[in-house]
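Student: The structure file final-v1.tsv (TSV, C-alpha atoms) is provided below.
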chain	number	residue	atom	x	y	z
A	30	MET	CA	103.24	89.93	91.59
A	31	LYS	CA	100.03	91.31	93.04
A	32	VAL	CA	97.73	93.84	91.37
A	33	LYS	CA	95.52	96.50	92.95
A	34	ILE	CA	92.82	98.13	90.87
A	35	CYS	CA	91.98	101.44	92.51
A	36	GLY	CA	89.04	103.77	92.10
A	37	ILE	CA	86.39	101.07	91.73
A	38	THR	CA	82.92	102.61	91.85
A	39	ASP	CA	80.50	99.79	90.97
A	40	GLU	CA	79.96	96.12	91.65
A	41	LEU	CA	80.32	94.84	88.09
A	42	THR	CA	83.74	96.42	87.62
A	43	GLY	CA	84.91	95.16	91.00
A	44	MET	CA	83.81	91.63	90.20
A	45	ALA	CA	85.40	91.80	86.75
A	46	ALA	CA	88.71	92.96	88.24
A	47	VAL	CA	88.74	89.99	90.60
A	48	GLN	CA	87.75	87.61	87.82
A	49	TYR	CA	90.70	88.86	85.77
A	50	GLY	CA	93.07	88.24	88.69
A	51	ALA	CA	93.20	91.41	90.79
A	52	ASP	CA	94.39	90.81	94.34
A	53	ALA	CA	93.19	94.12	95.81
A	54	ILE	CA	90.43	96.63	95.16
A	55	GLY	CA	90.78	100.30	96.08
A	56	LEU	CA	87.77	102.32	97.27
A	57	VAL	CA	88.35	106.07	97.46
A	58	PHE	CA	86.75	107.96	100.35
A	59	ALA	CA	88.78	111.16	99.80
A	60	GLU	CA	88.27	114.05	97.40
A	61	SER	CA	88.52	112.52	93.94
A	62	LYS	CA	86.57	112.05	90.74
A	63	ARG	CA	86.39	108.41	91.85
A	64	ARG	CA	85.10	109.14	95.34
A	65	ILE	CA	82.53	106.63	96.52
A	66	SER	CA	79.80	106.65	99.15
A	67	VAL	CA	79.92	104.30	102.11
A	68	GLU	CA	76.71	102.59	101.00
A	69	ARG	CA	78.00	101.99	97.49
A	70	ALA	CA	81.30	100.67	98.85
A	71	LYS	CA	79.43	98.20	101.07
A	72	GLU	CA	77.53	96.89	98.06
A	73	ILE	CA	80.80	96.33	96.18
A	74	VAL	CA	82.58	94.62	99.07
A	75	LEU	CA	79.68	92.21	99.56
A	76	GLN	CA	80.36	90.86	96.06
A	77	LEU	CA	84.10	90.28	96.55
A	78	PRO	CA	85.83	87.07	97.69
A	79	GLU	CA	87.21	87.01	101.22
A	80	GLN	CA	90.85	86.76	100.12
A	81	VAL	CA	90.75	89.97	98.06
A	82	TYR	CA	92.12	93.05	99.84
A	83	LYS	CA	89.48	95.74	100.27
A	84	VAL	CA	91.50	98.94	100.60
A	85	GLY	CA	89.95	102.21	101.72
A	86	VAL	CA	91.82	105.32	100.54
A	87	PHE	CA	91.76	108.31	102.92
A	88	VAL	CA	93.42	111.74	102.94
A	89	ASN	CA	93.80	113.57	106.26
A	90	GLU	CA	90.63	111.98	107.65
A	91	THR	CA	89.94	111.60	111.38
A	92	LYS	CA	90.66	108.29	113.05
A	93	GLU	CA	87.04	108.03	114.19
A	94	GLN	CA	85.71	108.43	110.65
A	95	ILE	CA	88.24	105.99	109.17
A	96	GLU	CA	87.42	103.33	111.75
A	97	LYS	CA	83.69	103.89	111.31
A	98	ILE	CA	83.87	103.54	107.52
A	99	ALA	CA	86.23	100.55	107.73
A	100	ALA	CA	83.89	98.67	110.03
A	101	SER	CA	80.76	99.56	108.08
A	102	VAL	CA	82.17	98.69	104.66
A	103	GLY	CA	84.28	95.68	105.64
A	104	LEU	CA	87.67	97.05	104.70
A	105	THR	CA	90.78	94.93	105.21
A	106	HIS	CA	93.40	97.67	104.70
A	107	ILE	CA	93.60	101.43	105.16
A	108	GLN	CA	95.56	103.55	102.69
A	109	LEU	CA	96.74	106.88	104.08
A	110	HIS	CA	97.47	109.33	101.29
A	111	GLY	CA	97.76	112.59	103.19
A	112	ASP	CA	99.90	114.12	105.92
A	113	GLU	CA	99.11	111.57	108.60
A	114	THR	CA	101.66	111.10	111.37
A	115	ALA	CA	103.43	107.94	112.45
A	116	ALA	CA	101.45	107.95	115.70
A	117	PHE	CA	98.21	108.21	113.74
A	118	SER	CA	99.17	105.22	111.60
A	119	LYS	CA	100.08	103.15	114.66
A	120	SER	CA	96.71	103.91	116.24
A	121	LEU	CA	94.63	102.34	113.46
A	122	SER	CA	93.13	98.88	113.86
A	123	LEU	CA	93.78	97.58	110.33
A	124	PRO	CA	96.96	97.11	108.26
A	125	VAL	CA	98.14	100.41	106.80
A	126	ILE	CA	99.37	101.31	103.32
A	127	LYS	CA	101.18	104.65	103.42
A	128	GLY	CA	101.12	106.59	100.17
A	129	ILE	CA	104.32	108.53	99.44
A	130	SER	CA	104.50	111.03	96.58
A	131	PHE	CA	108.04	110.63	95.28
A	132	GLN	CA	109.78	113.99	95.08
A	133	ASP	CA	113.39	113.01	95.72
A	134	ASN	CA	115.40	110.54	97.78
A	135	ASP	CA	115.74	112.91	100.73
A	136	SER	CA	111.98	113.02	101.19
A	137	LEU	CA	111.73	109.29	100.56
A	138	GLY	CA	114.38	108.64	103.20
A	139	ASP	CA	112.34	110.62	105.71
A	140	MET	CA	109.30	108.46	105.01
A	141	ALA	CA	110.91	105.05	104.42
A	142	ASN	CA	110.59	104.03	108.07
A	143	PHE	CA	107.01	105.21	108.47
A	144	PRO	CA	105.14	102.60	110.56
A	145	SER	CA	102.99	100.86	107.97
A	146	ASP	CA	102.57	97.41	106.49
A	147	TYR	CA	103.23	98.71	102.98
A	148	ILE	CA	104.59	101.88	101.42
A	149	LEU	CA	102.99	103.00	98.18
A	150	LEU	CA	105.31	104.93	95.87
A	151	ASP	CA	103.29	107.37	93.81
A	152	SER	CA	103.89	110.33	91.51
A	153	PRO	CA	104.21	113.87	92.87
A	154	LYS	CA	100.94	115.46	93.95
A	155	GLY	CA	98.63	116.85	91.29
A	156	LYS	CA	95.04	118.03	91.61
A	157	TYR	CA	94.43	115.06	93.90
A	158	ARG	CA	96.81	113.15	96.17
A	159	GLY	CA	96.70	110.14	93.85
A	160	GLY	CA	95.12	108.85	90.67
A	161	ASN	CA	96.44	111.69	88.51
A	162	GLY	CA	97.72	109.39	85.77
A	163	THR	CA	101.32	110.63	85.70
A	164	THR	CA	104.51	108.63	86.12
A	165	PHE	CA	107.71	109.57	87.90
A	166	GLU	CA	111.33	108.68	87.13
A	167	TRP	CA	111.58	105.21	88.65
A	168	GLY	CA	115.32	105.05	87.99
A	169	LYS	CA	115.95	107.94	90.38
A	170	VAL	CA	114.68	105.97	93.38
A	171	ASN	CA	117.51	104.95	95.71
A	172	GLN	CA	116.80	101.24	96.09
A	173	GLN	CA	118.66	101.08	99.42
A	174	LEU	CA	115.96	103.26	100.96
A	175	ILE	CA	113.26	100.74	100.17
A	176	ASP	CA	115.20	97.49	100.67
A	177	GLY	CA	113.23	95.18	102.94
A	178	LYS	CA	110.04	97.23	102.52
A	179	LYS	CA	106.81	95.95	101.05
A	180	VAL	CA	106.53	98.42	98.19
A	181	ILE	CA	103.42	99.04	96.12
A	182	LEU	CA	104.16	100.98	92.93
A	183	ALA	CA	101.60	103.44	91.56
A	184	GLY	CA	101.53	106.51	89.36
A	185	GLY	CA	100.65	106.49	85.67
A	186	LEU	CA	101.06	102.75	85.16
A	187	ASN	CA	99.47	101.02	82.18
A	188	SER	CA	99.94	97.81	80.22
A	189	GLU	CA	102.64	99.45	78.08
A	190	ASN	CA	104.98	100.62	80.86
A	191	VAL	CA	104.28	98.36	83.82
A	192	GLU	CA	106.88	95.71	82.93
A	193	LYS	CA	109.66	98.30	82.83
A	194	ALA	CA	108.49	99.82	86.11
A	195	ILE	CA	108.45	96.43	87.83
A	196	LYS	CA	111.99	95.62	86.65
A	197	ILE	CA	113.32	98.87	88.11
A	198	ILE	CA	111.42	99.14	91.41
A	199	LYS	CA	110.75	95.43	92.10
A	200	PRO	CA	107.56	96.05	94.11
A	201	VAL	CA	105.38	93.39	95.72
A	202	MET	CA	102.30	94.94	94.14
A	203	VAL	CA	101.39	97.42	91.41
A	204	ASP	CA	98.46	99.83	91.70
A	205	VAL	CA	96.55	101.21	88.71
A	206	SER	CA	93.54	103.47	88.25
A	207	SER	CA	93.57	105.92	85.32
A	208	GLY	CA	95.79	103.54	83.31
A	209	VAL	CA	92.84	101.16	82.90
A	210	GLU	CA	90.29	103.83	82.05
A	211	THR	CA	88.90	105.32	78.85
A	212	ASN	CA	87.13	108.68	79.03
A	213	GLY	CA	87.17	108.53	82.82
A	214	MET	CA	85.53	105.11	83.07
A	215	LYS	CA	87.08	101.76	83.90
A	216	ASP	CA	87.67	99.92	80.62
A	217	LEU	CA	87.38	96.17	81.15
A	218	ALA	CA	89.62	95.29	78.22
A	219	LYS	CA	92.38	97.58	79.50
A	220	MET	CA	91.96	96.20	82.99
A	221	LYS	CA	92.25	92.63	81.75
A	222	ALA	CA	95.29	93.45	79.59
A	223	PHE	CA	97.04	95.16	82.50
A	224	ILE	CA	96.50	92.28	84.90
A	225	GLU	CA	97.59	89.72	82.34
A	226	LYS	CA	100.75	91.70	81.57
A	227	VAL	CA	101.66	91.88	85.26
A	228	LYS	CA	100.83	88.25	85.93
A	229	GLY	CA	102.82	87.19	82.87
A	230	ASN	CA	100.11	85.16	81.16
A	231	LEU	CA	99.14	87.14	78.04
A	232	THR	CA	96.59	85.13	76.15
A	233	GLY	CA	96.69	86.90	72.82
A	234	GLY	CA	92.99	87.60	73.13
A	235	LYS	CA	91.09	90.62	71.92
A	236	GLN	CA	93.01	93.18	73.93
A	237	ASN	CA	91.76	96.09	71.81
A	238	GLU	CA	88.09	95.39	72.31
A	239	HIS	CA	86.86	98.13	74.66
A	240	ILE	CA	84.06	97.26	77.07
A	241	TYR	CA	82.77	99.91	79.42
A	242	ILE	CA	80.97	99.84	82.75
A	243	THR	CA	79.02	102.88	83.86
A	244	GLU	CA	77.39	103.58	87.17
Here is the file; what I need is its structure written in the form of C-alpha cells.

Tutor:
Amino acid sequence: MKVKICGITDELTGMAAVQYGADAIGLVFAESKRRISVERAKEIVLQLPEQVYKVGVFVNETKEQIEKIAASVGLTHIQLHGDETAAFSKSLSLPVIKGISFQDNDSLGDMANFPSDYILLDSPKGKYRGGNGTTFEWGKVNQQLIDGKKVILAGGLNSENVEKAIKIIKPVMVDVSSGVETNGMKDLAKMKAFIEKVKGNLTGGKQNEHIYITE
C-alpha cells in the first residue's frame, strides 16, 4: 500500500515523509492554505529521491501554466482537482491523477472512466477542492464502478481510521494532509504514525511525541 503526503511546504517535512516511507509528495499550486510557490516547490523536489512521486495539485489551471510549472519544478504526476475535461487530461504530458469529490454513485459513475492514470476519491467539496479534513461514507461507494481502476483514497484520513477505510475501498494508495497536522502544521509524529499504520509495521515507538516543522 502506497502513501501520499499532500500539502508539503518545506524541505525538512518532505524529507522526513520520505524517510518514514512515503511514496508520493503532494505540492499544492491551487488556492489553499497549503499553497506553495514554484521556487519553494523546486527546492523541495531537489531533496527528494528519484523514485518518489512528485505530484502537483491544480484546480482549473491552464494547460500552459501546468506544463510550465511541471517542467520547472520537476513534477512526475499532475493532479487535477477541478472541472477539467477528458480532452484536457489527455492533452497533458505527465501521468494524471483525477480528483473526484464523492457525492453519490451516479456522479461517480459519470467520472469513473475519466482518462487518467489514477482516480482520487475525496470528500465532497468544502472551502477548498481538497484538504478539508472531512471523511465521506466509504461504504456507500459502489465497488463495481471502481473495479480495475487505480484508486487513491483521500478525505479526512488519519492513523485512527485509515485501516477501516482501506478495508472498504481497497485503494492502491492513500492520501493524507490535515490528518497528519496539528494546529495547521505538519506534525512529524503523526506523519510517522500514519505511514507505519498503512505499511503495517507499527514499532510501538513514541507515537504521542509531537514534533513540528515550521516554514

Student: Suppose you want the space between atom CA of Thr164 of chain A and atom CA of Met30 of chain A; what is it in Å?

Tutor: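 Straight-line distance from atom CA of Thr164 of chain A to atom CA of Met30 of chain A works out to 19.5 Å.
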
Student: Leaving out Met44 of chain A and any residue of its chain fewer than 3 positions from it, which residues lie within 8 Å of it when counting only C-alpha atoms, given as a list of chain:residue names?

Tutor: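 In the requested format, the answer is A:Glu40, A:Leu41, A:Val47, A:Gln48, A:Gln76, A:Leu77.
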
Student: Generate the output file for the selected residues, C-alpha atoms, as a compact mmCIF listing (two decimals), in the frame of the given file.

Tutor:
# COMPACT_ATOMS: atom_id res chain seq x y z
CA GLU A 40 79.96 96.12 91.65
CA LEU A 41 80.32 94.84 88.09
CA VAL A 47 88.74 89.99 90.60
CA GLN A 48 87.75 87.61 87.82
CA GLN A 76 80.36 90.86 96.06
CA LEU A 77 84.10 90.28 96.55

Student: Work out how far atom CA of Glu90 of chain A is from atom CA of Asp204 of chain A, in Å to one decimal.

Tutor: 21.5 Å

Student: How far is it from atom CA of Val67 of chain A to atom CA of Gly50 of chain A, in Å with one decimal?

Tutor: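 Atom-to-atom, atom CA of Val67 of chain A and atom CA of Gly50 of chain A are spaced 24.7 Å apart.
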
Student: Quick one: everything within 10 Å of Glu166 of chain A, counting only C-alpha atoms, minus sequence neighbours fewer than 2 positions away in the same chain. Send it as an NGL selection string.

Tutor: :A and (131-133 or 152 or 164 or 168-170 or 194)

Student: Might you pull out every residue within 10 Å of Ala51 of chain A, with all atoms listed in the file counted and same-chain residues fewer than 2 positions away left off, and present them as an MDAnalysis selection string?

Tutor: chainID A and resid 31:34 43:49 53:54 81:82 204 220:221 223:225 228

Student: Which residues come within 12 Å of Ser120 of chain A, counting only C-alpha atoms, excluding same-chain residues fewer than 2 positions away, as a ChimeraX atom specification?

Tutor: /A:91-93,95-96,107,113-118,122-125,144-145

Student: Compile the contact shell of Lys83 of chain A as a VMD selection string: residues with an atom at most 8 Å away, counting all atoms listed in the file, same-chain residues fewer than 3 positions apart removed.

Tutor: chain A and resid 53 to 56 74 103 to 106

Student: Hey, can you spit out that residue selection with C-alpha atoms as a PDB file, in the frame of the given file?

Tutor:
ATOM      1  CA  ALA A  53      93.190  94.120  95.810  1.00  0.00           C
ATOM      2  CA  ILE A  54      90.430  96.630  95.160  1.00  0.00           C
ATOM      3  CA  GLY A  55      90.780 100.300  96.080  1.00  0.00           C
ATOM      4  CA  LEU A  56      87.770 102.320  97.270  1.00  0.00           C
ATOM      5  CA  VAL A  74      82.580  94.620  99.070  1.00  0.00           C
ATOM      6  CA  GLY A 103      84.280  95.680 105.640  1.00  0.00           C
ATOM      7  CA  LEU A 104      87.670  97.050 104.700  1.00  0.00           C
ATOM      8  CA  THR A 105      90.780  94.930 105.210  1.00  0.00           C
ATOM      9  CA  HIS A 106      93.400  97.670 104.700  1.00  0.00           C
TER      10      HIS A 106
END

Student: When distances are computed from only C-alpha atoms, which of A:Ser66, A:Cys35, A:Thr42, A:Ile98 shows the smallest separation from Gly184 of chain A?

Tutor: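 Closest residue, counting only C-alpha atoms: A:Cys35.
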
Student: So which one's closest to Met202 of chain A, A:Ala218, A:Gly177, A:Tyr147, A:Asp112? Using all atoms listed in the file, please.

Tutor: A:Tyr147

Student: So which one's closest to Lys196 of chain A, A:Val86, A:Ala222, A:Lys178, A:Trp167? Using all atoms listed in the file, please.

Tutor: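 The answer is A:Trp167, which sits nearest to Lys196 of chain A.
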
Student: Just checking: using all atoms listed in the file, which residue out of A:Gln108, A:Ser61, A:Asn212, A:Asn171 ends up closest to Asp146 of chain A?

Tutor: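 That would be A:Gln108, the residue with the smallest distance to Asp146 of chain A.
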
Student: Which residue out of A:Glu79, A:Asp176, A:Glu189, A:Asp135 has the minimum interatomic distance to Val201 of chain A when all atoms listed in the file are used?

Tutor: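 Counting all atoms listed in the file, the residue closest to Val201 of chain A is A:Asp176.
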
Student: Here is a test: counting all atoms listed in the file, which residue of A:Lys219, A:Thr38, A:Ile175, A:Thr211 is nearest to Ser188 of chain A?

Tutor: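 Among the listed residues, A:Lys219 lies closest to Ser188 of chain A.
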
Student: Missing atoms in segment 70-91 of chain A: fill them in up to N, CA and C atoms and send the result as an mmCIF file, in the coordinates of the input.

Tutor:
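What ended up in part-v1.cif:
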data_model
loop_
_atom_site.group_PDB
_atom_site.id
_atom_site.type_symbol
_atom_site.label_atom_id
_atom_site.label_comp_id
_atom_site.auth_asym_id
_atom_site.auth_seq_id
_atom_site.Cartn_x
_atom_site.Cartn_y
_atom_site.Cartn_z
ATOM 1 N N ALA A 70 80.134 101.497 98.547
ATOM 2 C CA ALA A 70 81.300 100.670 98.850
ATOM 3 C C ALA A 70 80.887 99.350 99.508
ATOM 4 N N LYS A 71 79.922 99.414 100.407
ATOM 5 C CA LYS A 71 79.430 98.200 101.070
ATOM 6 C C LYS A 71 78.864 97.227 100.056
ATOM 7 N N GLU A 72 78.125 97.744 99.082
ATOM 8 C CA GLU A 72 77.530 96.890 98.060
ATOM 9 C C GLU A 72 78.608 96.194 97.232
ATOM 10 N N ILE A 73 79.699 96.918 96.948
ATOM 11 C CA ILE A 73 80.800 96.330 96.180
ATOM 12 C C ILE A 73 81.505 95.248 96.980
ATOM 13 N N VAL A 74 81.833 95.559 98.223
ATOM 14 C CA VAL A 74 82.580 94.620 99.070
ATOM 15 C C VAL A 74 81.807 93.317 99.275
ATOM 16 N N LEU A 75 80.508 93.406 99.371
ATOM 17 C CA LEU A 75 79.680 92.210 99.560
ATOM 18 C C LEU A 75 79.823 91.222 98.410
ATOM 19 N N GLN A 76 80.237 91.718 97.240
ATOM 20 C CA GLN A 76 80.360 90.860 96.060
ATOM 21 C C GLN A 76 81.757 90.263 95.902
ATOM 22 N N LEU A 77 82.706 90.674 96.744
ATOM 23 C CA LEU A 77 84.100 90.280 96.550
ATOM 24 C C LEU A 77 84.479 89.085 97.417
ATOM 25 N N PRO A 78 85.352 88.215 96.906
ATOM 26 C CA PRO A 78 85.830 87.070 97.690
ATOM 27 C C PRO A 78 86.578 87.526 98.943
ATOM 28 N N GLU A 79 86.592 86.673 99.936
ATOM 29 C CA GLU A 79 87.210 87.010 101.220
ATOM 30 C C GLU A 79 88.691 87.329 101.086
ATOM 31 N N GLN A 80 89.398 86.606 100.197
ATOM 32 C CA GLN A 80 90.850 86.760 100.120
ATOM 33 C C GLN A 80 91.294 88.046 99.431
ATOM 34 N N VAL A 81 90.397 88.726 98.750
ATOM 35 C CA VAL A 81 90.750 89.970 98.060
ATOM 36 C C VAL A 81 90.870 91.114 99.064
ATOM 37 N N TYR A 82 91.950 91.883 98.973
ATOM 38 C CA TYR A 82 92.120 93.050 99.840
ATOM 39 C C TYR A 82 91.085 94.108 99.468
ATOM 40 N N LYS A 83 90.416 94.634 100.476
ATOM 41 C CA LYS A 83 89.480 95.740 100.270
ATOM 42 C C LYS A 83 90.100 96.969 100.924
ATOM 43 N N VAL A 84 90.682 97.826 100.107
ATOM 44 C CA VAL A 84 91.500 98.940 100.600
ATOM 45 C C VAL A 84 90.701 100.244 100.543
ATOM 46 N N GLY A 85 90.584 100.906 101.682
ATOM 47 C CA GLY A 85 89.950 102.210 101.720
ATOM 48 C C GLY A 85 91.004 103.297 101.655
ATOM 49 N N VAL A 86 90.842 104.250 100.734
ATOM 50 C CA VAL A 86 91.820 105.320 100.540
ATOM 51 C C VAL A 86 91.313 106.590 101.228
ATOM 52 N N PHE A 87 92.140 107.135 102.138
ATOM 53 C CA PHE A 87 91.760 108.310 102.920
ATOM 54 C C PHE A 87 92.860 109.365 102.852
ATOM 55 N N VAL A 88 92.468 110.625 102.924
ATOM 56 C CA VAL A 88 93.420 111.740 102.940
ATOM 57 C C VAL A 88 93.072 112.660 104.110
ATOM 58 N N ASN A 89 93.942 112.672 105.109
ATOM 59 C CA ASN A 89 93.800 113.570 106.260
ATOM 60 C C ASN A 89 92.413 113.465 106.919
ATOM 61 N N GLU A 90 91.917 112.236 107.012
ATOM 62 C CA GLU A 90 90.630 111.980 107.650
ATOM 63 C C GLU A 90 90.850 111.707 109.138
ATOM 64 N N THR A 91 89.815 111.889 109.955
ATOM 65 C CA THR A 91 89.940 111.600 111.380
ATOM 66 C C THR A 91 89.980 110.094 111.614
#
